[in-house]
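These notes are about the structure you will find just below.
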Amino acid sequence: MTPSDPSAHGGTSVTAAPAQKDDSQRQQKTMLAEHYHRLSQAESTGEKCVYTFVPGNLTELVRSFDLLPVLPEINALQSAMRGSSKDYISLAEKLGHSEDVCTYVKADVGMLRKGNVGPTGERLPDPDLLLLSYTGCFTFLKWFEILKEEYDCPVVMLHTPYQGDGVITDSMRKYVVDQIKQKVIPALEKVSGKAYDEERLREMLARSAKAEDDLVAVLESAKQTPSPIDSYFGGVYYIGPMFTAFRGTEAAVGYYQALRAEVEARAAAGQGPITPEGPMGEEKFRIVVEGPPNWTHFRQFWRMFSEEGAVVVASTYTKVGGVYDFGFRHDPDHPLETLADYCMGCYTNLNLPTRVDMISKYIEDYSADGLLINSVKSCNSFSAGQLMILREVEARTGRPGGFIESDLVDPRYFSEANIKNRLESYFQMIEQKRSGGAA
Amino acid sequence: MRYCVGIDLGSTTTKAVILDDDGEILGRGITNSRSNYEVARDVSVSEALIDARFGLVRQALATQGDAGDDADGLLNQLEQGFRESQYRRQLGLLCKVLKRLASDLPAPIVVASGGGCHGIADAPTCGSGGDVAAPSTPWEAAETILTQMQAEAGELFTEGSSRKSDFFRDLAGGLYLGLAEGEARRSGVPYDQLVGLYDKAILEVENEPPTDEDFGQHMAAALSNMAGATGPLERAVARAADTPLEQAVCVGTGYGRATLPFEKEHIRSEILCHGLGAHAMFPGTRTVLDIGGQDTKAIQVDDRGIVTSFQMNDRCAAGCGRYLGYIADEMNLGLHELGPLACESKRPVKINSTCTVFAGAELRERLSLGEERADILAGLHRSIVLRAMSLLARSGGVDDEFTFTGGVAKNPAAVNALAKLVHENYGELTLNISPDSIYTGALGAALFAFRSLADDVEADAAADDSVAASTPLTTGGTP
């Protein structure tokens with residue numbers, strides 16, 4: 001969700017040339033590094049830490065108590081980009097975790113058992129609280145059961161009702177707000193030793209909304225041809241601060257202002273995205289991607305697209321920590337209700353018809369050539385229903401779909417030759433269709 | 001004559017198809033050389049050019065009209081003779097390489113007089129091995145085997161003879177290994193050592209593509225061995241040999257496509273090539289199933305052969321051609337024998353393993369329980385087709401007409417199992433299988449090459465401000 005350095009990655013093929021970055025990427029990397037450093041000092045500075053998950057995270061609420069969020073999925077993917085997830089996963093398997101278990105979980109368990117040294121090489125603090133908001137992913141429940149055993153610390157659970165009927169009802173909202181009031185806030189008060197300060201929360205939520213406006217402007221810049229951004233490979237950097245520890249902070253507001261200015265300048269100049277290999281060449285294909293990226297071979301994976309002139313103009317993965325481009329913003333006037341709506345509105349909490357609607361709309365609005373699905377072996381919350389989504393979107397939009405398979409952080413499941421083969425076939429299929437068979 | 005060539009660099013075999021300037025198939029070539037794709041490309045294209053020249057001989061004979069009623073019979077004899085001459089040349093090469101490799105082995109305990117391969121073309125000339133009653137060096141043992149193979153070579157190419165394979169590796173390997181058992185016992189040279197020598201030598205032999213010079217020599221040898229009047233044939237051969245063949249465009253597909261110096265615009269994915277190739281063979285095709293060496297592809301195409309959707313196996317190659325190769329090895333059978341044997345089954349066994357290696361274990365278990373080999377093989381064929389059915393379903397199902405391509409489409413037991421399961425799941429529909437199905441991908445690539453040539457011609461014509469006439473696309477010659 002928020003890689004910090006695409007030049008550092010695991011896998012078998014190592015790319016010699018240093019990755020090219022734009023300013024926002026460097027700024028984001030610095031923000032993340034500072035956050036990890038602050039976490040590493042937490043035990044000496046006395047700052048308390050809350051482990052929680054990206055989808056449906058309550059960052060503003062957590063930070064309003066001056067607590068520091070730690071996001072295990074981010075640690076796992078960061079470790080994968082630095083090539084250490086393989087060893088962590090092996091260790092977790094030695095401890096008895098099956099081959100089929102989510103590889104984020106295994107990477108996290110392995111990292112923990114190896115001394116909980118985070119991706120930047122600094123030790124992460126033990127949690128003072130596990131805030132289990134399991135939006136759209138039931139593995140989260142088992143994950144924190146394991147962490148509870150490891151750390152022997154309190155757990156507070158926030159159950160987010162699934163949007164089975166595609167709508168958020170008043171009773172669903174009330175159900176979540178009641179849990180926040182009755183369970184989450186008291187637990188945060190207890191750990192922090194501070195009283196709930198709603199005014200402070202409102203200020204943070206207002207800052208969130210401001211940053212969200214800028215993020216949406218950045219994401220929607222891809223409607224332009226050529227797109228100034230890649231909304232999947234580049235997109236994971238753009239969503240980084242928003243999806244992790246920074247929502248509601250001044251740092252995030254500043255970051256998104258700078259990012260927006262950078263992207264708008266590129267758009268005005270008619271430039272394409274910056275890839276790790278340099279500025280993108282001619283834009284030949286505009287693709288919508290569904291599913292998380294592979295992190296162990298992130299740069300190679302990106303290159304397979306950029307070398308073919310394929311730009312991802314919209315992706316569902318960049319909505320996993322919040323769907324903002326359909327109008328939702330954090331609302332400081334209704335602080336707990338807006339947090340409830342945010343949690344229930346995350347992508348993996350949407351039912352399949354809503355996901356099909358959303359993707360079909362992306363294909364139309366972003367003038368995309370088709371939908372490509374990266375199906376991830378160890379992520380049920382994403383993978384379930386993907387073939388149905390593919391067929392339905394193809395039928396509605398008349399644009400061809402493609403399907404590839406990899407994994408989140410287990411390098412054993414990234415078969416470069418297979419993926420490249422399918423991607424090339426997919427792009428050539430689009431080309432052939434465009435030219436009416438003459439290609 | 002300018003020609004376009006499509007090359008499918010697969011995981012097991014490399015195929016080439018040559019189209020003439022009307023887009024008609026002129027020749028096909030295949031090799032199982034896996035050492036490197038460059039060699040595989042050269043060998044397959046050389047073989048396709050040989051096939052093309054045979055096609056030209058056929059055309060010349062027809063034009064001359066002086067071959068009498070049995071032009072086909074004459075051509076068949078010519079081809080058998082040609083293949084025999086090719087085989088003998090490769091035996092000679094094998095002999096040379098074996099001798100060199102054997103000389104690198106540690107000094108033998110008993111020194112006997114060295115030998116050549118008597119009667120083998122291009123073989124090293126050495127003293128006779130016949131005066132040594134019991135050769136005890138590896139080379140002498142190998143020489144005895146090769147002499148025997150040479151003596152029996154003609155039998156492989158008599159009219160009506162059946163060969164397990166057309167690849168030199170398989171033909172020579174089967175005979176060599178059979179003879180090596182007896183020779184090892186007789187000479188005391190370890191069997192493993194003889195096998196090891198062959199395994200090394202064959203790589204060098206099969207990596208030597210035939211040359212134009214070889215073509216003339218093999219033709220001459222074939223003609224000289226033919227009985228009766230060969231005048232018309234000789235004239236036709238001379239005309240065919242004089243026709244210059246010049247490569248215009250080459251398009252590559254398959255796993256090796258990226259390792260060869262094809263230009264980017266001359267690389268096509270095998271999905272597109274199989275779709276277009278199947279469409280060219282059977283224009284009514286809507287669904288294509290290709291089972292190759294390590295890939296199974298389910299492809300949907302529209303009425304122009306344009307791919308609309310596809311699915312491929314991932315992470316696991318169980319259920320592909322290599323699976324059958326592994327099973328054939330386990331059962332000590334030739335790959336070509338598996339299907340016919342499975343077809344004899346009266347009561348197919350259910351095989352549950354989806355993993356190739358486990359299927360091998362299950363196979364041994366079933367054999368030890370006394371199950372019939374044919375029944376086990378029928379079960380294995382059904383099991384690989386079941387995996388293909390899953391991919392077909394995921395790609396969007398099976399639409400009429402359904403075309404089955406790839407090496408496995410040559411296997412009658414796989415075809416029977418597929419026809420049955422498709423019928424059960426999708427009802428009555430036309431199942432197309434071409435005898436040349438293994439060339440489907442290469443044909444598609446050749447058609448892409450042909451189209452790009454036509455585009456170039458059009459572009460040139462446009463540059464001259466003249467109206468380019470569109471070239472009709474035909475694929476005659478394909479059943």
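As shown in the structure tokens, the chain order sets the letters A, B, ...; within each chain, residues go from 1, and ligands are also counted from 1 in the order they appear.
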Determine, using only C-alpha atoms, which residues of chain A have any atom at most 12 Å from an atom of chain B, and tabulate each with its shortest atom pair and distance in Å to one decimal place, rows ordered by chain and then rising number, as a tab-separated table.
residue	atom	partner	partner_atom	distance
A:Glu307	CA	B:Lys264	CA	11.0
A:Glu308	CA	B:Lys264	CA	10.1
A:Gly370	CA	B:Thr308	CA	11.3
A:Leu371	CA	B:Ser309	CA	11.6
A:Leu372	CA	B:Ser309	CA	11.4
A:Ile373	CA	B:Gln311	CA	12.0
A:Ser375	CA	B:Asp314	CA	11.2
A:Lys377	CA	B:Arg315	CA	10.7
A:Gly385	CA	B:Arg394	CA	11.9
A:Gln386	CA	B:Arg394	CA	10.8
A:Leu387	CA	B:Arg394	CA	7.3
A:Met388	CA	B:Arg394	CA	9.5
A:Leu390	CA	B:Ser309	CA	10.2
A:Arg391	CA	B:Gly396	CA	7.9
A:Glu392	CA	B:Gly396	CA	11.2
A:Glu394	CA	B:Ser309	CA	9.5
A:Ala395	CA	B:Thr308	CA	11.3
A:Gly398	CA	B:Thr308	CA	9.8
A:Arg399	CA	B:Thr308	CA	8.9
A:Pro400	CA	B:Thr308	CA	6.2
A:Gly401	CA	B:Ser309	CA	6.8
A:Gly402	CA	B:Ser309	CA	7.2
A:Phe403	CA	B:Gln311	CA	7.3
A:Ile404	CA	B:Asp314	CA	8.6
A:Glu405	CA	B:Asp314	CA	7.3
A:Ser406	CA	B:Arg315	CA	9.1
A:Asp407	CA	B:Arg315	CA	11.3
A:Arg412	CA	B:Arg315	CA	9.5
A:Tyr413	CA	B:Arg315	CA	7.3
A:Phe414	CA	B:Arg315	CA	8.6
A:Ser415	CA	B:Arg315	CA	7.1
A:Glu416	CA	B:Arg315	CA	10.5
A:Ala417	CA	B:Tyr255	CA	8.1
A:Asn418	CA	B:Asp314	CA	7.2
A:Ile419	CA	B:Asp314	CA	8.9
A:Lys420	CA	B:Ser269	CA	10.1
A:Asn421	CA	B:Ser269	CA	7.0
A:Arg422	CA	B:Met312	CA	8.0
A:Leu423	CA	B:Ser269	CA	9.3
A:Glu424	CA	B:Ser269	CA	6.4
A:Ser425	CA	B:Ser269	CA	5.0
A:Tyr426	CA	B:Ser309	CA	8.6
A:Phe427	CA	B:Ser269	CA	9.4
A:Gln428	CA	B:Ser269	CA	7.2
A:Met429	CA	B:Val307	CA	6.0
A:Ile430	CA	B:Thr308	CA	8.7
A:Glu431	CA	B:Ile306	CA	10.0
A:Gln432	CA	B:Ile306	CA	6.6
A:Lys433	CA	B:Ile306	CA	6.5
A:Arg434	CA	B:Ile306	CA	10.1
A:Ser435	CA	B:Ile306	CA	10.0
A:Gly436	CA	B:Ile306	CA	7.8
A:Gly437	CA	B:Ile306	CA	5.8
A:Ala438	CA	B:Arg451	CA	7.0
A:Ala439	CA	B:Phe448	CA	7.3
>> So that I can check the surroundings of Gly270 in chain A, please list as an MDAnalysis selection string every protein, DNA and RNA residue that reaches within 10 Å of it, counting only C-alpha atoms and ignoring chain neighbours fewer than 5 positions away.
In response: chainID A and resid 224:228 264:265
Backbone-only DSSP, strand (DSSP E or B) members of range 371-469 of chain B, as a PDB file with N, CA and C atoms, in the first residue's frame:
ATOM      1  N   PHE B 402     -15.351 -25.990 -32.106  1.00  0.00           N
ATOM      2  CA  PHE B 402     -14.300 -26.135 -31.106  1.00  0.00           C
ATOM      3  C   PHE B 402     -13.092 -26.796 -31.764  1.00  0.00           C
ATOM      4  N   THR B 403     -11.945 -26.140 -31.683  1.00  0.00           N
ATOM      5  CA  THR B 403     -10.739 -26.669 -32.338  1.00  0.00           C
ATOM      6  C   THR B 403      -9.687 -27.016 -31.289  1.00  0.00           C
ATOM      7  N   PHE B 404      -9.182 -28.227 -31.403  1.00  0.00           N
ATOM      8  CA  PHE B 404      -8.184 -28.739 -30.453  1.00  0.00           C
ATOM      9  C   PHE B 404      -6.831 -28.730 -31.162  1.00  0.00           C
ATOM     10  N   THR B 405      -5.847 -28.053 -30.575  1.00  0.00           N
ATOM     11  CA  THR B 405      -4.531 -27.959 -31.216  1.00  0.00           C
ATOM     12  C   THR B 405      -3.422 -28.359 -30.248  1.00  0.00           C
ATOM     13  N   LEU B 431     -16.099 -30.712 -33.363  1.00  0.00           N
ATOM     14  CA  LEU B 431     -14.740 -30.731 -32.811  1.00  0.00           C
ATOM     15  C   LEU B 431     -13.770 -30.876 -33.981  1.00  0.00           C
ATOM     16  N   ASN B 432     -12.945 -29.855 -34.168  1.00  0.00           N
ATOM     17  CA  ASN B 432     -11.975 -29.891 -35.276  1.00  0.00           C
ATOM     18  C   ASN B 432     -10.604 -30.278 -34.762  1.00  0.00           C
TER      19      ASN B 432
END
> Thr397 in chain A: which residues within 8 Å, counting only C-alpha atoms, same-chain residues fewer than 4 positions away excluded, as a ChimeraX atom specification?
Replying inline: /A:360,363-364,393
Residues from last step as file, N, CA and C atoms, as a PDB file, in the first residue's frame:
ATOM      1  N   SER A 360     -16.663  -0.832 -14.151  1.00  0.00           N
ATOM      2  CA  SER A 360     -17.223  -0.486 -15.473  1.00  0.00           C
ATOM      3  C   SER A 360     -17.192   1.028 -15.669  1.00  0.00           C
ATOM      4  N   ILE A 363     -13.754   2.144 -16.519  1.00  0.00           N
ATOM      5  CA  ILE A 363     -13.393   1.862 -17.912  1.00  0.00           C
ATOM      6  C   ILE A 363     -13.956   2.941 -18.835  1.00  0.00           C
ATOM      7  N   GLU A 364     -15.179   3.348 -18.565  1.00  0.00           N
ATOM      8  CA  GLU A 364     -15.783   4.405 -19.392  1.00  0.00           C
ATOM      9  C   GLU A 364     -15.143   5.762 -19.110  1.00  0.00           C
ATOM     10  N   VAL A 393     -17.781  -7.316 -16.479  1.00  0.00           N
ATOM     11  CA  VAL A 393     -17.254  -6.041 -16.990  1.00  0.00           C
ATOM     12  C   VAL A 393     -17.038  -6.133 -18.509  1.00  0.00           C
TER      13      VAL A 393
END
>> Let me make sure I understand: among B:Ser390, B:Ser187, B:Thr137, B:Ser85, which one has the smallest atom-to-atom distance to Lys297 in chain B if we use only C-alpha atoms?
In response: B:Ser390
> Any idea what the distance is between CA of Met149 in chain B and CA of Thr230 in chain B?
Replying inline: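 That distance, rounded to one decimal, is 28.7 Å.
Atom pair CA of Leu26 in chain B / CA of Gly55 in chain B: separated by 6.4 Å.
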